[in-house]
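Notes follow the structure.
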Amino acid sequence: MNEVMKGRVYKFGDNINTDVIYPGKYLSITTDREEMAKHCFETVYPEFLEKANKGDIIVAGKNFGCGSSREQAATCLKYFGISAIVAESFARIFYRNAINLGLPVIVAPNVSKKIRDNDTIEIDLQSGIIRNMKNNETITATPLPQFILRIISDGGLIPYLKKKLGIEE
Amino acid sequence: MTIAEKILAKASGKETVSPGEIVMAQVDVAMSHENADVVLRSFRDIGVREVWDSTKIVILFDHRIPAESEKTAITHKRLREFVREQGIKYFYDLKEGICHQILPEFGHCRPGEVLVGTDSHTTTHGAFGTFATGIGATEMAGVWATGELWLRVPESIKIRVSGSFRDYVSAKDLILSIIGHLGADGANYQAVEFHGETIRSLSIASRMVLSNLSMEMGAKVAFVMPDEKTVSYVKGTTDKIFEVIQPDENAQYVHELDIDVTDLESQIACPHSVDNVKNVRDVEGIKIHQALIGSCTNGRLEDLATAAQILEGNRVHPDVRLLIIPASKRIYLEAIKKGYIETFVKAGGIILNPGCGPCLGAHQGLLAPEEVCVATTNRNFKGRMGSPESFIYLASPATVAFSAIRGEIATPKAP
């Protein structure tokens, strides 16, 4: 995976929960990931499906992904085409799910004050440096532990485990 | 070491561990409900033929039972086939009840062990001194394949509780008050330990309320210190040998909190977040349309007993739909024997089958725009139980039962 990524910012506030990201009424969708992607934020922020683009980076406040363990919340964003999520903090299960699916999640203090909706940012996953292309300001994110970076760079937990268990593609 | 550190050290074969360290832990129990279907898809993708241990995986149905859609019916069918294919020993089909009640009833919660579940409220089982935490579906597929999981050793918070509850004030009010104080991310990534005389005096069911709702402040695990009550309960459910693990005297905590419940009033979490907690007294008079008693938080026998005592000889307000969901078949049967179910039906309540009911917004009592529901459940997020223009308040079984009679949010009081 590319360890430097660039994208337009789509912003959210604090405590964005997984019911809001992926409504409970669609939990019966268990295997069709493209179908999950059609329902991101549908009930509470329906404009997301209109305004967000493939490759966008979500920037949020604290506790992004709190609530239910539903993996669909991370899956729908990945299959919608969100390339990374930067937040001041994440709820733990969402954070694990995103890593396991190979969707980069980056913790950066005060990020929601320094980056605006529609800015374009560049993230270096190795160093944790986030550059705002609009004003060239940089923010240093908490670097990902090597163990987690390895799972992300393998493309998620499944390819990582296949490699570890010696299972051929 | 704290209890979390000691269990993780044991599960990862180390002498000691410290917060922040990532360990590979051996899993003792791996539970999934309908989302086992999501796990299964990832398990097939890994390409392992057989699960690591068919006696350590628990699969059951509770979220959408009986199937609310053809999609769910297919999920149930596919999982029954998988259970047969792999010889999964512990499978509970849709007649048993909610996962967080079935696990302890059938002896899967044991002190000192690591229990993971693809459900965020898996923290409930910390009430037995178990390192119990919610995980995602893909990593559960990894557990099915290998029996192990990476876990970051959490920092721990110690909460000491003293004093006796007032009438109609219970564990639900205590934990809501703690969440209101610490916030929705107040224990994020951390282990909570509940200590003190008040906690020791609580029933197993009440202890489970504390561990269950600790998830709503972000806790990774939430332990009630195991004691003779715990050991006696667990021994009544399993023959398996277990080791009770207690924290060391000199364990390190990032935060210590002392709470006296003597003056605690009935609490309520207001829309749309669980940490928006107030005294019920401050929101009295809000008209309600639905009242719900049940869920993995408060659908146990003592909750139904409290509700039955309040509803006995009373009528549910004509503008209110009172839904009651016993957490398991066993609880349902006990409630029938004790006459609670008759009391509910006579009062105008509707009994639903043991399961998650409308809590997560899939079926069985969803809300229209502008409607208000007061529930004993654990989440009041915008749109969770139906319309994004509806309002969910979370409170104790006593508050919900009392409010159902009054037709508005009301503080439970003796008649």
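Chain labels A, B, ... are given in the sequence in which chains occur in the structure tokens; within each chain residues are numbered consecutively from 1, and ligands are likewise numbered from 1 in the order shown.
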Considering only C-alpha atoms, extract the chain B residues located within 7 Å of chain A and return them as an mmCIF file with C-alpha atoms, in the first residue's frame.
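result.cif, written as the output of this step:
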```cif
data_model
loop_
_atom_site.group_PDB
_atom_site.id
_atom_site.type_symbol
_atom_site.label_atom_id
_atom_site.label_comp_id
_atom_site.auth_asym_id
_atom_site.auth_seq_id
_atom_site.Cartn_x
_atom_site.Cartn_y
_atom_site.Cartn_z
ATOM 1 C CA ASP B 37 -22.148 -14.297 9.090
ATOM 2 C CA VAL B 38 -19.764 -11.358 8.631
ATOM 3 C CA ARG B 41 -17.131 -14.363 5.078
ATOM 4 C CA ILE B 46 -8.448 -16.553 5.111
ATOM 5 C CA LYS B 71 -31.691 -11.609 4.287
ATOM 6 C CA THR B 72 -31.601 -12.489 7.997
ATOM 7 C CA THR B 118 -18.319 -9.580 18.169
ATOM 8 C CA ASP B 119 -20.564 -7.339 20.205
ATOM 9 C CA SER B 120 -19.529 -4.174 21.972
ATOM 10 C CA GLY B 134 -15.873 -6.619 22.125
ATOM 11 C CA ILE B 135 -13.987 -7.126 18.886
ATOM 12 C CA GLY B 136 -14.706 -6.835 15.159
ATOM 13 C CA ALA B 137 -15.796 -9.506 12.724
ATOM 14 C CA THR B 138 -12.596 -9.856 10.700
ATOM 15 C CA GLU B 139 -10.427 -10.257 13.776
ATOM 16 C CA ASP B 185 -14.924 8.533 26.062
ATOM 17 C CA ASN B 188 -11.634 4.878 26.268
ATOM 18 C CA TYR B 189 -9.174 1.966 25.818
ATOM 19 C CA GLU B 216 -20.688 3.485 26.898
ATOM 20 C CA GLY B 218 -15.390 3.520 26.011
ATOM 21 C CA LEU B 360 -30.736 -1.583 17.753
ATOM 22 C CA GLY B 361 -33.447 -0.402 15.384
ATOM 23 C CA ALA B 362 -33.924 -3.537 13.311
ATOM 24 C CA ARG B 384 -30.969 4.200 16.725
ATOM 25 C CA PRO B 388 -33.768 10.201 13.365
#
```
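Nearest residue to Ala347 of chain B, choosing from B:Asp319, B:Glu312, B:Glu155, B:Asp239 and counting only C-alpha atoms: B:Glu312.
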Distance query Lys51 of chain A at most 12 Å, only C-alpha atoms, self and fewer than 5 positions along chain excluded, as JSON, numbers by chain
{"A": [8, 9, 10, 11, 40, 41, 45, 46, 56, 117, 118]}
For the residues in the current selection, export C-alpha atoms as a short mmCIF file (atom, residue, chain, number, x, y, z; two decimals), in the first residue's frame.
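part_13.cif, written as the output of this step:
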```cif
data_model
loop_
_atom_site.label_atom_id
_atom_site.label_comp_id
_atom_site.auth_asym_id
_atom_site.auth_seq_id
_atom_site.Cartn_x
_atom_site.Cartn_y
_atom_site.Cartn_z
CA ARG A 8 -9.81 16.11 -0.03
CA VAL A 9 -11.14 16.50 3.51
CA TYR A 10 -14.70 15.63 4.54
CA LYS A 11 -15.24 16.81 8.11
CA CYS A 40 -22.87 5.34 4.83
CA PHE A 41 -24.34 8.01 7.15
CA TYR A 45 -26.17 12.80 7.41
CA PRO A 46 -27.74 11.76 4.09
CA ASP A 56 -11.72 11.67 0.37
CA ASP A 117 -13.76 20.92 5.34
CA ASN A 118 -12.67 20.71 1.69
#
```
What's around Met140 of chain B at 10 Å? Count only C-alpha atoms, leave out sequence neighbours fewer than 4 positions away in its own chain, and write the answer as a VMD selection string.
chain B and resid 30 to 32 36 38 to 40 42 to 43 116 to 118 134 to 136 144 to 149
Take atom CA of Val4 of chain A and atom CA of Lys38 of chain A and report the distance between them in Å, one decimal.
27.1 Å
So which residues touch Arg152 of chain B within 7 Å, counting only C-alpha atoms, skipping near sequence neighbours fewer than 5 positions away, as a short mmCIF file (atom, residue, chain, number, x, y, z; two decimals) with C-alpha atoms, in the first residue's frame?
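The result, written out as part27.cif:
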```cif
data_model
loop_
_atom_site.label_atom_id
_atom_site.label_comp_id
_atom_site.auth_asym_id
_atom_site.auth_seq_id
_atom_site.Cartn_x
_atom_site.Cartn_y
_atom_site.Cartn_z
CA GLY B 20 0.61 0.14 26.30
CA GLU B 21 2.29 -3.17 25.53
CA ILE B 22 0.77 -5.22 22.68
CA VAL B 23 0.40 -8.91 23.54
#
```
Return as a count of residues only the full set of residues in segment 2-83 of chain A whose backbone-based DSSP assignment is strand (DSSP E or B).
15
Show which residues sit within 9 Å of Met133 of chain A, as a PyMOL selection string. Count only C-alpha atoms, and ignore same-chain residues fewer than 2 positions away.
chain A and resi 119-122+131+135-137
Would you write out those residues with C-alpha atoms, as a PDB file, in the first residue's frame?
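Contents of the output file selection02.pdb:
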```pdb
ATOM      1  CA  ASP A 119      -8.963  21.335   2.424  1.00  0.00           C
ATOM      2  CA  THR A 120      -6.595  18.931   0.684  1.00  0.00           C
ATOM      3  CA  ILE A 121      -4.165  17.070   2.941  1.00  0.00           C
ATOM      4  CA  GLU A 122      -1.262  14.693   2.485  1.00  0.00           C
ATOM      5  CA  ARG A 131       0.486  18.423   5.495  1.00  0.00           C
ATOM      6  CA  ASN A 135      -1.495  26.603   3.648  1.00  0.00           C
ATOM      7  CA  ASN A 136       1.417  24.137   3.863  1.00  0.00           C
ATOM      8  CA  GLU A 137       0.946  23.806   7.640  1.00  0.00           C
TER       9      GLU A 137
END
```
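Here atom CA of Gly129 of chain B and atom CA of Phe381 of chain B stand 29.2 Å from one another.
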